[in-house]
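Q: Just so it is clear, I am handing over coords-v9.pdb, which has PDB, C-alpha atoms and all ligand atoms.
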MODEL        1
ATOM      1  CA  MET W 193     -46.935  46.368 -57.675
ATOM      2  CA  ASP W 194     -47.487  47.651 -61.204
ATOM      3  CA  VAL W 195     -47.816  44.780 -63.653
ATOM      4  CA  VAL W 196     -46.903  46.862 -66.691
ATOM      5  CA  VAL W 197     -44.724  49.974 -66.805
ATOM      6  CA  PHE W 198     -43.958  52.025 -69.934
ATOM      7  CA  ASP W 199     -41.323  54.641 -69.276
ATOM      8  CA  ASN W 200     -40.838  57.144 -72.136
ATOM      9  CA  VAL W 201     -41.257  54.474 -74.771
ATOM     10  CA  THR W 202     -40.878  55.325 -78.439
ATOM     11  CA  LYS W 203     -41.529  52.820 -81.216
ATOM     12  CA  ILE W 204     -40.826  53.778 -84.800
ATOM     13  CA  PHE W 205     -41.774  51.679 -87.826
ATOM     14  CA  GLY W 206     -40.317  51.774 -91.266
ATOM     15  CA  GLY W 207     -37.563  53.405 -93.201
ATOM     16  CA  LEU W 208     -38.011  56.560 -95.235
ATOM     17  CA  LYS W 209     -41.538  57.397 -94.226
ATOM     18  CA  ALA W 210     -41.060  56.404 -90.628
ATOM     19  CA  ILE W 211     -44.133  56.235 -88.417
ATOM     20  CA  LYS W 212     -43.930  56.907 -84.721
ATOM     21  CA  ALA W 213     -46.412  54.359 -83.423
ATOM     22  CA  LEU W 214     -45.508  55.297 -79.851
ATOM     23  CA  ASP W 215     -44.060  58.680 -79.042
ATOM     24  CA  ASN W 216     -42.407  59.047 -75.648
ATOM     25  CA  THR W 217     -45.186  57.130 -73.986
ATOM     26  CA  SER W 218     -45.416  56.560 -70.251
ATOM     27  CA  PHE W 219     -48.107  54.761 -68.305
ATOM     28  CA  ARG W 220     -48.495  52.045 -65.721
ATOM     29  CA  ILE W 221     -51.068  49.362 -65.076
ATOM     30  CA  PRO W 222     -51.514  48.402 -61.431
ATOM     31  CA  SER W 223     -52.143  44.835 -60.383
ATOM     32  CA  ARG W 224     -55.700  43.443 -60.441
ATOM     33  CA  VAL W 225     -57.412  46.202 -62.403
ATOM     34  CA  VAL W 226     -59.425  45.891 -65.575
ATOM     35  CA  ALA W 227     -57.778  48.588 -67.626
ATOM     36  CA  GLY W 228     -59.123  50.037 -70.836
ATOM     37  CA  LEU W 229     -56.450  50.955 -73.361
ATOM     38  CA  LEU W 230     -58.606  53.384 -75.236
ATOM     39  CA  GLY W 231     -57.840  55.323 -78.381
ATOM     40  CA  PRO W 232     -58.840  55.876 -81.999
ATOM     41  CA  ASN W 233     -57.607  53.751 -84.920
ATOM     42  CA  GLY W 234     -53.869  53.818 -85.362
ATOM     43  CA  SER W 235     -53.157  55.292 -81.935
ATOM     44  CA  GLY W 236     -50.716  52.564 -80.857
ATOM     45  CA  LYS W 237     -52.816  50.076 -78.893
ATOM     46  CA  THR W 238     -51.810  46.923 -80.738
ATOM     47  CA  THR W 239     -48.197  48.101 -80.858
ATOM     48  CA  SER W 240     -48.263  48.484 -77.057
ATOM     49  CA  PHE W 241     -49.483  44.888 -76.690
ATOM     50  CA  LYS W 242     -46.753  43.597 -78.999
ATOM     51  CA  LEU W 243     -44.162  45.431 -76.916
ATOM     52  CA  ILE W 244     -45.597  43.949 -73.709
ATOM     53  CA  MET W 245     -45.306  40.472 -75.254
ATOM     54  CA  GLY W 246     -41.712  41.109 -76.336
ATOM     55  CA  PHE W 247     -42.546  40.692 -80.034
ATOM     56  CA  LEU W 248     -41.176  44.158 -80.729
ATOM     57  CA  LYS W 249     -38.207  46.068 -79.371
ATOM     58  CA  PRO W 250     -38.723  49.731 -78.444
ATOM     59  CA  ASN W 251     -36.445  52.274 -80.138
ATOM     60  CA  SER W 252     -36.006  54.035 -76.838
ATOM     61  CA  GLY W 253     -37.420  54.025 -73.337
ATOM     62  CA  LYS W 254     -37.974  51.213 -70.871
ATOM     63  CA  ILE W 255     -40.696  48.605 -70.490
ATOM     64  CA  PHE W 256     -41.241  46.429 -67.448
ATOM     65  CA  VAL W 257     -43.714  43.571 -67.306
ATOM     66  CA  PHE W 258     -43.803  41.786 -63.931
ATOM     67  CA  GLY W 259     -40.653  43.782 -63.265
ATOM     68  CA  MET W 260     -38.838  42.261 -66.269
ATOM     69  CA  ASP W 261     -37.810  43.587 -69.666
ATOM     70  CA  PRO W 262     -40.042  41.641 -72.091
ATOM     71  CA  TRP W 263     -37.557  41.954 -74.954
ATOM     72  CA  VAL W 264     -34.834  40.301 -72.867
ATOM     73  CA  ASN W 265     -36.977  37.857 -70.863
ATOM     74  CA  GLU W 266     -39.601  37.119 -73.505
ATOM     75  CA  TYR W 267     -40.368  33.559 -72.428
ATOM     76  CA  SER W 268     -40.636  34.243 -68.693
ATOM     77  CA  VAL W 269     -42.939  37.156 -69.474
ATOM     78  CA  ARG W 270     -45.108  35.431 -72.096
ATOM     79  CA  ARG W 271     -45.618  32.372 -69.893
ATOM     80  CA  ARG W 272     -47.604  34.556 -67.498
ATOM     81  CA  ILE W 273     -49.699  36.344 -70.125
ATOM     82  CA  GLY W 274     -52.828  35.314 -71.992
ATOM     83  CA  TYR W 275     -53.001  37.185 -75.300
ATOM     84  CA  LEU W 276     -55.960  37.596 -77.607
ATOM     85  CA  PRO W 277     -54.383  39.142 -80.712
ATOM     86  CA  GLU W 278     -56.161  41.545 -83.013
ATOM     87  CA  LYS W 279     -55.706  39.245 -86.012
ATOM     88  CA  PRO W 280     -55.089  35.734 -84.742
ATOM     89  CA  VAL W 281     -53.887  33.027 -87.097
ATOM     90  CA  TYR W 282     -55.113  29.502 -86.438
ATOM     91  CA  PRO W 283     -54.230  26.113 -87.896
ATOM     92  CA  TYR W 284     -56.947  24.255 -89.799
ATOM     93  CA  VAL W 285     -57.724  21.614 -87.207
ATOM     94  CA  SER W 286     -60.713  21.060 -84.913
ATOM     95  CA  VAL W 287     -61.397  23.435 -82.026
ATOM     96  CA  TYR W 288     -60.670  20.673 -79.550
ATOM     97  CA  LYS W 289     -57.433  19.558 -81.169
ATOM     98  CA  PHE W 290     -56.102  23.084 -81.280
ATOM     99  CA  LEU W 291     -56.991  23.929 -77.664
ATOM    100  CA  ARG W 292     -55.723  20.559 -76.443
ATOM    101  CA  HIS W 293     -52.429  21.359 -78.147
ATOM    102  CA  ILE W 294     -52.253  24.769 -76.418
ATOM    103  CA  GLY W 295     -53.102  23.000 -73.153
ATOM    104  CA  ARG W 296     -50.284  20.493 -73.557
ATOM    105  CA  MET W 297     -47.770  23.252 -74.152
ATOM    106  CA  GLN W 298     -48.931  24.932 -70.939
ATOM    107  CA  GLY W 299     -49.071  21.703 -68.947
ATOM    108  CA  VAL W 300     -52.846  21.889 -68.602
ATOM    109  CA  SER W 301     -55.003  18.733 -68.312
ATOM    110  CA  SER W 302     -57.631  17.812 -70.908
ATOM    111  CA  ASN W 303     -60.323  18.296 -68.232
ATOM    112  CA  GLU W 304     -59.250  21.847 -67.769
ATOM    113  CA  VAL W 305     -59.258  22.427 -71.503
ATOM    114  CA  GLU W 306     -62.855  21.147 -71.581
ATOM    115  CA  MET W 307     -63.690  23.604 -68.836
ATOM    116  CA  PHE W 308     -62.435  26.533 -70.897
ATOM    117  CA  ILE W 309     -64.335  25.316 -73.955
ATOM    118  CA  LYS W 310     -67.499  25.408 -71.840
ATOM    119  CA  LEU W 311     -66.624  28.772 -70.304
ATOM    120  CA  VAL W 312     -66.462  30.554 -73.650
ATOM    121  CA  GLY W 313     -69.504  28.729 -75.059
ATOM    122  CA  LEU W 314     -67.762  26.617 -77.687
ATOM    123  CA  GLU W 315     -69.072  23.192 -76.635
ATOM    124  CA  ARG W 316     -71.252  22.723 -79.695
ATOM    125  CA  TYR W 317     -68.341  23.482 -81.979
ATOM    126  CA  LYS W 318     -65.760  21.328 -80.261
ATOM    127  CA  PHE W 319     -65.191  18.983 -83.185
ATOM    128  CA  ILE W 320     -65.737  21.504 -85.940
ATOM    129  CA  ASN W 321     -62.750  22.511 -88.023
ATOM    130  CA  ILE W 322     -61.623  26.026 -87.119
ATOM    131  CA  ARG W 323     -62.004  26.928 -90.784
ATOM    132  CA  GLY W 324     -65.760  26.483 -90.366
ATOM    133  CA  LEU W 325     -66.202  28.851 -87.418
ATOM    134  CA  SER W 326     -68.040  32.150 -87.797
ATOM    135  CA  ARG W 327     -66.112  35.264 -86.805
ATOM    136  CA  GLY W 328     -67.843  35.514 -83.449
ATOM    137  CA  TYR W 329     -66.939  31.944 -82.584
ATOM    138  CA  LEU W 330     -63.372  32.521 -83.736
ATOM    139  CA  GLN W 331     -63.270  35.310 -81.185
ATOM    140  CA  ARG W 332     -64.390  32.888 -78.479
ATOM    141  CA  LEU W 333     -61.709  30.455 -79.569
ATOM    142  CA  GLY W 334     -59.165  33.257 -79.184
ATOM    143  CA  LEU W 335     -60.412  33.920 -75.676
ATOM    144  CA  ALA W 336     -60.213  30.242 -74.700
ATOM    145  CA  GLN W 337     -56.686  30.070 -76.083
ATOM    146  CA  ALA W 338     -55.721  33.165 -74.049
ATOM    147  CA  LEU W 339     -57.233  31.791 -70.829
ATOM    148  CA  ILE W 340     -55.624  28.353 -70.874
ATOM    149  CA  GLY W 341     -52.694  28.169 -68.482
ATOM    150  CA  ASP W 342     -54.012  30.519 -65.777
ATOM    151  CA  PRO W 343     -52.423  33.785 -66.937
ATOM    152  CA  GLU W 344     -51.753  36.541 -64.410
ATOM    153  CA  LEU W 345     -52.215  39.160 -67.103
ATOM    154  CA  LEU W 346     -54.740  39.091 -69.934
ATOM    155  CA  LEU W 347     -54.248  41.239 -73.021
ATOM    156  CA  LEU W 348     -57.426  41.453 -75.059
ATOM    157  CA  ASP W 349     -57.162  43.306 -78.358
ATOM    158  CA  GLU W 350     -60.706  44.289 -79.408
ATOM    159  CA  PRO W 351     -62.277  41.285 -77.661
ATOM    160  CA  THR W 352     -65.826  41.930 -78.842
ATOM    161  CA  ALA W 353     -65.077  42.881 -82.426
ATOM    162  CA  ASN W 354     -67.319  40.836 -84.746
ATOM    163  CA  LEU W 355     -69.701  39.790 -82.001
ATOM    164  CA  ASP W 356     -73.469  40.190 -82.096
ATOM    165  CA  PRO W 357     -75.017  42.093 -79.147
ATOM    166  CA  LEU W 358     -75.826  38.986 -77.124
ATOM    167  CA  SER W 359     -72.374  37.446 -77.571
ATOM    168  CA  ARG W 360     -70.818  40.787 -76.757
ATOM    169  CA  LYS W 361     -72.733  40.895 -73.513
ATOM    170  CA  GLN W 362     -71.674  37.346 -72.672
ATOM    171  CA  ILE W 363     -68.012  38.066 -73.323
ATOM    172  CA  LEU W 364     -68.140  41.205 -71.168
ATOM    173  CA  GLU W 365     -69.834  39.223 -68.383
ATOM    174  CA  LEU W 366     -67.058  36.680 -68.720
ATOM    175  CA  ILE W 367     -64.404  39.369 -68.335
ATOM    176  CA  LYS W 368     -66.191  40.647 -65.236
ATOM    177  CA  ASP W 369     -66.318  37.151 -63.743
ATOM    178  CA  LEU W 370     -62.644  36.583 -64.460
ATOM    179  CA  LYS W 371     -61.806  39.740 -62.594
ATOM    180  CA  LYS W 372     -63.972  38.811 -59.637
ATOM    181  CA  GLU W 373     -63.040  35.143 -59.386
ATOM    182  CA  LEU W 374     -59.429  35.040 -60.463
ATOM    183  CA  GLY W 375     -58.316  38.512 -59.448
ATOM    184  CA  ILE W 376     -56.111  38.808 -62.524
ATOM    185  CA  THR W 377     -55.040  41.957 -64.324
ATOM    186  CA  ILE W 378     -56.815  42.558 -67.613
ATOM    187  CA  ILE W 379     -56.041  45.115 -70.304
ATOM    188  CA  VAL W 380     -58.699  45.623 -72.963
ATOM    189  CA  ALA W 381     -57.624  47.543 -76.055
ATOM    190  CA  THR W 382     -60.548  49.107 -77.857
ATOM    191  CA  HIS W 383     -62.034  52.158 -79.488
ATOM    192  CA  ILE W 384     -65.546  50.973 -78.724
ATOM    193  CA  LEU W 385     -66.734  52.615 -75.549
ATOM    194  CA  PRO W 386     -69.584  50.370 -74.438
ATOM    195  CA  GLU W 387     -67.028  47.578 -74.119
ATOM    196  CA  LEU W 388     -65.461  49.345 -71.221
ATOM    197  CA  GLN W 389     -68.512  50.921 -69.629
ATOM    198  CA  GLU W 390     -69.326  47.828 -67.633
ATOM    199  CA  VAL W 391     -65.915  46.387 -66.921
ATOM    200  CA  ALA W 392     -63.100  48.921 -66.686
ATOM    201  CA  ASP W 393     -61.938  50.536 -63.482
ATOM    202  CA  TYR W 394     -58.726  51.977 -64.916
ATOM    203  CA  LEU W 395     -58.104  53.848 -68.128
ATOM    204  CA  VAL W 396     -55.187  54.706 -70.394
ATOM    205  CA  TYR W 397     -56.223  57.102 -73.133
ATOM    206  CA  ILE W 398     -53.839  57.144 -76.064
ATOM    207  CA  ASN W 399     -53.891  59.284 -79.191
ATOM    208  CA  ARG W 400     -51.351  59.314 -82.018
ATOM    209  CA  GLY W 401     -48.897  57.345 -79.924
ATOM    210  CA  ARG W 402     -49.094  59.644 -76.926
ATOM    211  CA  VAL W 403     -50.753  58.943 -73.616
ATOM    212  CA  ILE W 404     -53.076  61.844 -72.935
ATOM    213  CA  GLU W 405     -54.400  60.625 -69.592
ATOM    214  CA  SER W 406     -54.235  57.553 -67.440
ATOM    215  CA  GLY W 407     -55.438  56.586 -64.030
ATOM    216  CA  LYS W 408     -58.270  55.174 -62.009
ATOM    217  CA  LEU W 409     -61.541  55.707 -63.835
ATOM    218  CA  GLU W 410     -63.038  57.275 -60.745
ATOM    219  CA  ASP W 411     -60.225  59.817 -60.527
ATOM    220  CA  LEU W 412     -60.511  60.737 -64.207
ATOM    221  CA  THR W 413     -64.250  61.102 -63.788
ATOM    222  CA  HIS W 414     -63.658  63.703 -61.087
ATOM    223  CA  ARG W 415     -60.873  65.452 -62.916
ATOM    224  CA  TYR W 416     -63.000  65.985 -66.015
ATOM    225  CA  PHE W 417     -66.328  66.607 -64.267
ATOM    226  CA  VAL W 418     -68.076  63.757 -65.999
ATOM    227  CA  HIS W 419     -71.466  62.278 -65.148
ATOM    228  CA  ALA W 420     -71.201  59.065 -63.208
ATOM    229  CA  TYR W 421     -73.293  56.528 -61.342
ATOM    230  CA  TYR W 422     -72.868  56.091 -57.609
ATOM    231  CA  TYR W 423     -74.362  53.525 -55.314
ATOM    232  CA  ILE W 424     -75.550  54.701 -51.913
ATOM    233  CA  GLU W 425     -75.977  51.882 -49.444
ATOM    234  CA  THR W 426     -78.777  52.394 -46.943
ATOM    235  CA  ASN W 427     -81.570  50.515 -45.183
ATOM    236  CA  GLU W 428     -84.114  53.150 -46.126
ATOM    237  CA  PRO W 429     -83.621  53.706 -49.852
ATOM    238  CA  ARG W 430     -87.122  55.067 -50.509
ATOM    239  CA  LYS W 431     -86.954  57.595 -47.733
ATOM    240  CA  LEU W 432     -83.512  58.713 -48.855
ATOM    241  CA  ALA W 433     -84.664  58.946 -52.474
ATOM    242  CA  SER W 434     -87.502  61.260 -51.532
ATOM    243  CA  LYS W 435     -85.051  63.557 -49.766
ATOM    244  CA  ILE W 436     -82.424  63.903 -52.452
ATOM    245  CA  ILE W 437     -84.590  63.839 -55.558
ATOM    246  CA  MET W 438     -85.224  67.578 -55.196
ATOM    247  CA  GLU W 439     -81.546  68.399 -55.700
ATOM    248  CA  GLU W 440     -80.989  69.790 -59.156
ATOM    249  CA  TYR W 441     -77.757  67.898 -59.729
ATOM    250  CA  VAL W 442     -79.376  64.497 -59.211
ATOM    251  CA  LYS W 443     -80.067  63.430 -62.796
ATOM    252  CA  ALA W 444     -81.436  59.956 -62.220
ATOM    253  CA  ILE W 445     -82.339  57.809 -59.281
ATOM    254  CA  GLU W 446     -83.174  54.139 -58.993
ATOM    255  CA  VAL W 447     -84.322  52.430 -55.813
ATOM    256  CA  ARG W 448     -82.736  49.057 -55.095
ATOM    257  CA  ASP W 449     -83.126  46.656 -52.161
ATOM    258  CA  ASN W 450     -80.184  47.890 -50.168
ATOM    259  CA  GLY W 451     -79.666  51.300 -51.584
ATOM    260  CA  LEU W 452     -79.947  53.809 -54.360
ATOM    261  CA  LEU W 453     -78.270  54.032 -57.719
ATOM    262  CA  ILE W 454     -77.965  57.683 -58.643
ATOM    263  CA  LYS W 455     -76.520  59.615 -61.534
ATOM    264  CA  ILE W 456     -74.863  62.966 -60.902
ATOM    265  CA  ASN W 457     -72.157  65.081 -62.428
ATOM    266  CA  SER W 458     -69.105  64.148 -60.367
ATOM    267  CA  ALA W 459     -68.415  67.840 -59.824
ATOM    268  CA  TYR W 460     -71.267  67.661 -57.304
ATOM    269  CA  LYS W 461     -70.034  64.648 -55.405
ATOM    270  CA  ASP W 462     -68.858  66.747 -52.450
ATOM    271  CA  ASP W 463     -72.216  68.545 -52.326
ATOM    272  CA  LEU W 464     -73.915  65.180 -52.233
ATOM    273  CA  LEU W 465     -71.655  63.919 -49.446
ATOM    274  CA  GLU W 466     -72.351  67.038 -47.463
ATOM    275  CA  LEU W 467     -76.070  66.644 -47.944
ATOM    276  CA  LEU W 468     -75.997  63.009 -46.908
ATOM    277  CA  THR W 469     -74.332  63.832 -43.601
ATOM    278  CA  SER W 470     -76.421  66.925 -42.914
ATOM    279  CA  SER W 471     -79.348  67.099 -40.502
ATOM    280  CA  LYS W 472     -81.766  67.589 -43.427
ATOM    281  CA  ILE W 473     -81.461  63.896 -44.168
ATOM    282  CA  SER W 474     -82.128  61.700 -41.208
ATOM    283  CA  VAL W 475     -81.309  58.479 -42.969
ATOM    284  CA  TYR W 476     -78.333  56.327 -42.092
ATOM    285  CA  VAL W 477     -75.999  55.959 -45.072
ATOM    286  CA  LYS W 478     -73.631  53.028 -44.817
ATOM    287  CA  ASN W 479     -71.491  53.633 -47.825
ATOM    288  CA  ILE W 480     -71.265  55.410 -51.153
ATOM    289  CA  ARG W 481     -69.243  54.105 -54.073
ATOM    290  CA  HIS W 482     -68.567  54.893 -57.701
ATOM    291  CA  VAL W 483     -70.173  52.324 -60.016
ATOM    292  CA  THR W 484     -69.560  53.479 -63.548
ATOM    293  CA  THR W 485     -68.923  56.574 -65.610
ATOM    294  CA  GLU W 486     -70.494  58.013 -68.743
ATOM    295  CA  LEU W 487     -67.539  56.979 -70.831
ATOM    296  CA  GLY W 488     -68.791  58.690 -73.978
ATOM    297  CA  GLU W 489     -68.664  62.004 -72.179
ATOM    298  CA  LEU W 490     -65.212  61.293 -70.735
ATOM    299  CA  TYR W 491     -63.962  60.205 -74.153
ATOM    300  CA  GLU W 492     -65.165  63.424 -75.711
ATOM    301  CA  LYS W 493     -63.487  65.520 -73.059
ATOM    302  CA  LEU W 494     -60.245  63.559 -73.363
ATOM    303  CA  SER W 495     -60.326  63.917 -77.162
ATOM    304  CA  ARG W 496     -60.665  67.647 -76.779
ATOM    305  CA  ALA W 497     -57.726  67.656 -74.364
ATOM    306  CA  SER W 498     -55.496  65.881 -76.879
TER     307      SER W 498
HETATM  308  N1  LIG Z   1     -45.549  46.524 -88.677
HETATM  309  C1  LIG Z   1     -45.793  47.802 -88.949
HETATM  310  N2  LIG Z   1     -45.163  48.446 -89.940
HETATM  311  C2  LIG Z   1     -45.405  49.748 -90.196
HETATM  312  N3  LIG Z   1     -46.282  50.505 -89.531
HETATM  313  C3  LIG Z   1     -46.949  49.930 -88.525
HETATM  314  C4  LIG Z   1     -46.757  48.542 -88.171
HETATM  315  N4  LIG Z   1     -47.574  48.253 -87.129
HETATM  316  C5  LIG Z   1     -48.240  49.392 -86.843
HETATM  317  N5  LIG Z   1     -47.879  50.392 -87.662
HETATM  318  C6  LIG Z   1     -48.390  51.785 -87.615
HETATM  319  O1  LIG Z   1     -48.278  52.260 -86.279
HETATM  320  C7  LIG Z   1     -49.406  53.031 -85.913
HETATM  321  C8  LIG Z   1     -50.085  52.417 -84.695
HETATM  322  O2  LIG Z   1     -50.662  51.170 -85.051
HETATM  323  P1  LIG Z   1     -51.437  50.216 -84.055
HETATM  324  O3  LIG Z   1     -51.761  48.987 -84.797
HETATM  325  O4  LIG Z   1     -50.649  50.059 -82.819
HETATM  326  O5  LIG Z   1     -52.747  51.061 -83.752
HETATM  327  P2  LIG Z   1     -54.086  50.641 -82.976
HETATM  328  O6  LIG Z   1     -54.298  51.665 -81.905
HETATM  329  O7  LIG Z   1     -54.015  49.228 -82.560
HETATM  330  O8  LIG Z   1     -55.203  50.858 -84.091
HETATM  331  P3  LIG Z   1     -56.591  50.064 -84.374
HETATM  332  O9  LIG Z   1     -57.617  50.649 -83.458
HETATM  333  O10 LIG Z   1     -56.875  50.402 -85.799
HETATM  334  O11 LIG Z   1     -56.333  48.612 -84.159
HETATM  335  C9  LIG Z   1     -50.296  53.080 -87.140
HETATM  336  O12 LIG Z   1     -50.010  54.281 -87.825
HETATM  337  C10 LIG Z   1     -49.858  51.876 -87.945
HETATM  338  O13 LIG Z   1     -50.072  52.085 -89.322
HETATM  339 MG    MG Z   2     -55.120  47.614 -83.021
ENDMDL
END
Take the structure in the file and write it out as structure tokens.
A:
Amino acid sequence: MDVVVFDNVTKIFGGLKAIKALDNTSFRIPSRVVAGLLGPNGSGKTTSFKLIMGFLKPNSGKIFVFGMDPWVNEYSVRRRIGYLPEKPVYPYVSVYKFLRHIGRMQGVSSNEVEMFIKLVGLERYKFINIRGLSRGYLQRLGLAQALIGDPELLLLDEPTANLDPLSRKQILELIKDLKKELGITIIVATHILPELQEVADYLVYINRGRVIESGKLEDLTHRYFVHAYYYIETNEPRKLASKIIMEEYVKAIEVRDNGLLIKINSAYKDDLLELLTSSKISVYVKNIRHVTTELGELYEKLSRAS
């Protein structure tokens, strides 16, 4: 089932100089993906999140979250969502007191709250007043707050804004783990591509309130002939590497224990598949799968399309 559905949604702000934040927008987010909601500043990402949470009412069109209208069923919808807002507002109490309070509202034990504090790396700051946290640690607090209560859907608005490279990496690892271990649906709104490179498997590209493209990252990669990394599983990676390295379309190759990581333009994927099953290669290939895409290249092509 699709967790989120936007069906021709328009959201207009303001009076005289009205701004169409969303303009007849349609997209859907399937269950259990990590979706990137990607678009430049002012394209409607945060507005989309506020509509999903039922904080805003669309001017026209329909929105379904878990099959419900979030404007009508705001509490039933919000109960199942963890939301990291773009500009969170926190009370001036200690980290622990604040998260314990969130936990109580969600019926979550203090042990579990401690677990989330550890998960986001806030242990050392547990008894510090929120006012004293650096921006990066505030971001971690926001993540902990969003995770408490076992949400089925996580909305992360610029989750690595303000983070140094190491913290950014840790937060992205955390998102990956959440996907693997909890199997929840995650939507990451961002205009920073490297955020998505490692984690996203689904993409909604939005520009000036309009959805230009959406779908599985792998499908978009093919549609726009973008370079991508594929993993070829085989028992004889070295032998296979020596046989395909001569192909002009193979841009990079890395030998791993149980296979090869290769970079090709996805336009050549069929050629590669053909080669792998041909008699020229006498190596048994177990499996080939898409790993990640050169998102910068895809972004450029999508921008040109919009
Ligand atoms: N409360 C509001 N009142 C008036 N205009 C608004 C309001 N909220 C958003 N907008 C306008 O709607 C448009 C979309 O804004 P939104 O915050 O959704 O963009 P965004 O994609 O999240 O951008 P960013 O990457 O900068 O966070 C912008 O033109 C913005 O100025
Ligand atoms: Mg925003």
Q: Could I get the residue neighbourhood of ligand LIG 1 (chain Z) at 8 Å, counting only C-alpha atoms and all ligand atoms, as an MDAnalysis selection string?
A: chainID W and resid 204:206 210:214 231:240 278 349:350 381:383 400:401
Q: Would you output that residue set with C-alpha atoms, as an mmCIF file, keeping the file's coordinate frame?
A:
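Saved to part24.cif:
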data_model
loop_
_atom_site.group_PDB
_atom_site.id
_atom_site.type_symbol
_atom_site.label_atom_id
_atom_site.label_comp_id
_atom_site.auth_asym_id
_atom_site.auth_seq_id
_atom_site.Cartn_x
_atom_site.Cartn_y
_atom_site.Cartn_z
ATOM 1 C CA ILE W 204 -40.826 53.778 -84.800
ATOM 2 C CA PHE W 205 -41.774 51.679 -87.826
ATOM 3 C CA GLY W 206 -40.317 51.774 -91.266
ATOM 4 C CA ALA W 210 -41.060 56.404 -90.628
ATOM 5 C CA ILE W 211 -44.133 56.235 -88.417
ATOM 6 C CA LYS W 212 -43.930 56.907 -84.721
ATOM 7 C CA ALA W 213 -46.412 54.359 -83.423
ATOM 8 C CA LEU W 214 -45.508 55.297 -79.851
ATOM 9 C CA GLY W 231 -57.840 55.323 -78.381
ATOM 10 C CA PRO W 232 -58.840 55.876 -81.999
ATOM 11 C CA ASN W 233 -57.607 53.751 -84.920
ATOM 12 C CA GLY W 234 -53.869 53.818 -85.362
ATOM 13 C CA SER W 235 -53.157 55.292 -81.935
ATOM 14 C CA GLY W 236 -50.716 52.564 -80.857
ATOM 15 C CA LYS W 237 -52.816 50.076 -78.893
ATOM 16 C CA THR W 238 -51.810 46.923 -80.738
ATOM 17 C CA THR W 239 -48.197 48.101 -80.858
ATOM 18 C CA SER W 240 -48.263 48.484 -77.057
ATOM 19 C CA GLU W 278 -56.161 41.545 -83.013
ATOM 20 C CA ASP W 349 -57.162 43.306 -78.358
ATOM 21 C CA GLU W 350 -60.706 44.289 -79.408
ATOM 22 C CA ALA W 381 -57.624 47.543 -76.055
ATOM 23 C CA THR W 382 -60.548 49.107 -77.857
ATOM 24 C CA HIS W 383 -62.034 52.158 -79.488
ATOM 25 C CA ARG W 400 -51.351 59.314 -82.018
ATOM 26 C CA GLY W 401 -48.897 57.345 -79.924
#
Q: Residues near W:Ile244, anyone? I mean within 7 Å using only C-alpha atoms, not counting same-chain ones fewer than 3 positions away, as a VMD selection string.
A: chain W and resid 240 to 241 257 262
Q: Please check which residues have atoms at most 12 Å from (-56.9, 21.5, -69.0) in the file's coordinates, counting all atoms listed in the file, and write them as number ranges by chain.
A: W: 288, 291-310, 336-337, 339-342
Q: Keeping C-alpha atoms for every residue in the selection just given, could you write it to a file as a PDB file, in the coordinates of the input?
A:
ATOM      1  CA  TYR W 288     -60.670  20.673 -79.550  1.00  0.00           C
ATOM      2  CA  LEU W 291     -56.991  23.929 -77.664  1.00  0.00           C
ATOM      3  CA  ARG W 292     -55.723  20.559 -76.443  1.00  0.00           C
ATOM      4  CA  HIS W 293     -52.429  21.359 -78.147  1.00  0.00           C
ATOM      5  CA  ILE W 294     -52.253  24.769 -76.418  1.00  0.00           C
ATOM      6  CA  GLY W 295     -53.102  23.000 -73.153  1.00  0.00           C
ATOM      7  CA  ARG W 296     -50.284  20.493 -73.557  1.00  0.00           C
ATOM      8  CA  MET W 297     -47.770  23.252 -74.152  1.00  0.00           C
ATOM      9  CA  GLN W 298     -48.931  24.932 -70.939  1.00  0.00           C
ATOM     10  CA  GLY W 299     -49.071  21.703 -68.947  1.00  0.00           C
ATOM     11  CA  VAL W 300     -52.846  21.889 -68.602  1.00  0.00           C
ATOM     12  CA  SER W 301     -55.003  18.733 -68.312  1.00  0.00           C
ATOM     13  CA  SER W 302     -57.631  17.812 -70.908  1.00  0.00           C
ATOM     14  CA  ASN W 303     -60.323  18.296 -68.232  1.00  0.00           C
ATOM     15  CA  GLU W 304     -59.250  21.847 -67.769  1.00  0.00           C
ATOM     16  CA  VAL W 305     -59.258  22.427 -71.503  1.00  0.00           C
ATOM     17  CA  GLU W 306     -62.855  21.147 -71.581  1.00  0.00           C
ATOM     18  CA  MET W 307     -63.690  23.604 -68.836  1.00  0.00           C
ATOM     19  CA  PHE W 308     -62.435  26.533 -70.897  1.00  0.00           C
ATOM     20  CA  ILE W 309     -64.335  25.316 -73.955  1.00  0.00           C
ATOM     21  CA  LYS W 310     -67.499  25.408 -71.840  1.00  0.00           C
ATOM     22  CA  ALA W 336     -60.213  30.242 -74.700  1.00  0.00           C
ATOM     23  CA  GLN W 337     -56.686  30.070 -76.083  1.00  0.00           C
ATOM     24  CA  LEU W 339     -57.233  31.791 -70.829  1.00  0.00           C
ATOM     25  CA  ILE W 340     -55.624  28.353 -70.874  1.00  0.00           C
ATOM     26  CA  GLY W 341     -52.694  28.169 -68.482  1.00  0.00           C
ATOM     27  CA  ASP W 342     -54.012  30.519 -65.777  1.00  0.00           C
TER      28      ASP W 342
END
Q: For atom CA of W:Asp369 and atom CA of W:Val312, quote the distance in Å rounded to one decimal.
A: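 Interatomic distance here is 11.9 Å.
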Q: Please identify all polymer residues within 8 Å of stretch 251-256 of chain W, counting only C-alpha atoms, omitting same-chain residues fewer than 5 positions from it, and present them as a list of chain:residue names.
A: W:Val195, W:Val196, W:Val197, W:Phe198, W:Asp199, W:Asn200, W:Val201, W:Thr202, W:Lys203, W:Ile204, W:Asn216, W:Leu243, W:Ile244, W:Asp261, W:Pro262
